[in-house]
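Beneath this line is the structure, given in structure tokens, with notes to follow.
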Amino acid sequence: MTADAATIAFYQANAPRYTLSFGQGPSRHLDAFLDRLEPGARVLELGCGGGRDSAHIMKRGFALDATDGTPAMVRKANERFDVGARILQFDQLDAVTAYDAVWAHACLLHVARADLPGVLAAIRRALRPGGWHFANYKLGDGEGRDPLGRLTNLPDEGWLERVYQDAGLAIIAAERYRGEGADGIQRDWYALTLRKENS
């Protein structure tokens with residue numbers, strides 16, 4: 001797989017607005033996820049965006065490796081929060097048993113459905129035994145482009161659950177909720193908290 005060029009271009013052009021618009025506080029599920037981790041756990045953040053969650057993870061005392069696939073977003077996250085973010089696209093993740101947790105807030109929804117199993121396999125490899133993973137997705141009935149031109153996989157809950165289970169990530173908790181994306185559209189979202197199975 002390769003990153004979707006139009007999606008990357010959107011974030012590259014809009015990084016300043018994202019840094020200001022979404023910098024008020026951490027994501028709604030972050031503290032509950034971090035509460036599951038041991039003190040000082042090493043956390044990989046995928047799609048760190050403007051760095052608001054990154055800053056909170058560090059404030060909570062965790063060892064953070066913040067990453068994003070868009071250079072402008074990495075630059076803004078470091079300018080605003082000094083989180084040491086680095087450029088990493090999903091297909092470049094090659095770590096092996098390096099992290100206690102992988103936090104992926106509102107980013108894996110931009111992975112094409114055909115590529116998602118490979119990304120989840122890479123996340124599983126990157127986790128240590130018993131490691132934790134969080135991701136959330138806009139729900140829908142077909143992959144396509146949102147009004148901003150971004151690729152969005154728009155799965156349903158059943159498909160998501162199957163692809164995670166096939167990847168060897170056990171679903172510990174799941175929540176369906178209403179939320180508004182950057183495109184201004186209210187949708188149902190699905191948040192998954194998962195753990196690496198040791199077999």
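Residues are referred to by chain and number: the chain letter is A, B, ... according to the order shown in the structure tokens, the number counts from 1 in that chain, and ligands are numbered separately from 1 in the order shown.
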query: Which polymer residues have any atom within 12 Å of an atom of Gly142 of chain A, counting only C-alpha atoms, with same-chain residues fewer than 6 positions away left out, as a PyMOL selection string?
result: chain A and resi 109+112-113+151-156+159
Selected residues written out, N, CA and C atoms, as an mmCIF file, in the first residue's frame:
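Written file, selection_2.cif:
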```cif
data_model
loop_
_atom_site.group_PDB
_atom_site.id
_atom_site.type_symbol
_atom_site.label_atom_id
_atom_site.label_comp_id
_atom_site.auth_asym_id
_atom_site.auth_seq_id
_atom_site.Cartn_x
_atom_site.Cartn_y
_atom_site.Cartn_z
ATOM 1 N N LEU A 109 -9.086 5.474 9.625
ATOM 2 C CA LEU A 109 -10.257 5.584 8.757
ATOM 3 C C LEU A 109 -9.878 6.047 7.345
ATOM 4 N N ALA A 112 -7.334 2.528 2.918
ATOM 5 C CA ALA A 112 -8.230 1.770 2.044
ATOM 6 C C ALA A 112 -8.574 0.427 2.686
ATOM 7 N N ARG A 113 -9.792 -0.018 2.514
ATOM 8 C CA ARG A 113 -10.222 -1.271 3.146
ATOM 9 C C ARG A 113 -9.307 -2.439 2.771
ATOM 10 N N LEU A 151 -9.775 10.193 1.309
ATOM 11 C CA LEU A 151 -10.207 8.801 1.269
ATOM 12 C C LEU A 151 -10.694 8.389 2.654
ATOM 13 N N THR A 152 -11.873 7.780 2.703
ATOM 14 C CA THR A 152 -12.440 7.334 3.978
ATOM 15 C C THR A 152 -13.028 5.948 3.769
ATOM 16 N N ASN A 153 -12.660 4.988 4.647
ATOM 17 C CA ASN A 153 -13.069 3.605 4.397
ATOM 18 C C ASN A 153 -14.513 3.299 4.804
ATOM 19 N N LEU A 154 -15.091 4.078 5.707
ATOM 20 C CA LEU A 154 -16.511 3.990 6.061
ATOM 21 C C LEU A 154 -17.023 2.559 6.203
ATOM 22 N N PRO A 155 -16.453 1.779 7.129
ATOM 23 C CA PRO A 155 -16.913 0.399 7.336
ATOM 24 C C PRO A 155 -18.141 0.346 8.226
ATOM 25 N N ASP A 156 -18.702 -0.853 8.367
ATOM 26 C CA ASP A 156 -19.705 -1.079 9.401
ATOM 27 C C ASP A 156 -19.052 -1.822 10.559
ATOM 28 N N TRP A 159 -17.848 -5.595 9.940
ATOM 29 C CA TRP A 159 -16.633 -5.724 9.136
ATOM 30 C C TRP A 159 -15.407 -5.349 9.948
#
```
message: Considering only alpha helix (DSSP H) as DSSP defines it on the backbone, what residues of chain A qualify? List them as a ChimeraX atom specification.
response: /A:5-21,30-34,52-59,71-81,116-126,157-166
query: Restricting the calculation to only C-alpha atoms, which member of A:Gly50, A:Gly25, A:Gly84, A:Gly69 is positioned closest to Val111 of chain A?
result: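 Smallest separation from Val111 of chain A among the options: A:Gly69.
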Distance in Å - atom CA of His133 of chain A versus atom CA of Ala6 of chain A: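 Between these atoms lies a distance of 26.9 Å.
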- prompt: Leaving out segment 169-174 of chain A and any residue of its chain fewer than 4 positions from it, which residues lie within 10 Å of it when counting only C-alpha atoms, given as a PyMOL selection string?
  reply: chain A and resi 120-121+123-124+130-136+157+161-165+190-198
task: Work out how far atom CA of Asp94 of chain A is from atom CA of Gln12 of chain A, in Å to one decimal.
output: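 Rounded to one decimal, the two atoms are 23.9 Å apart.
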task: Considering only C-alpha atoms, return as a list in words whatever protein or nucleic-acid residues lie within 12 Å of Asp82 of chain A, sequence-local ones (same chain, fewer than 2 positions apart) excluded.
output: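 So, after excluding close chain neighbours, the residues are Gly50, Gly51, Arg52, Ser54, Ala55, His56, Met58, Lys59, Leu64, Ala66, Val74, Arg75, Lys76, Ala77, Asn78, Glu79, Arg80, Gly84, Ala85 and Arg86 of chain A.
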task: Report as a VMD selection string: the residues of segment 107-140 of chain A with a DSSP assignment of strand (DSSP E or B), based on the backbone of this structure.
output: chain A and resid 127 to 138
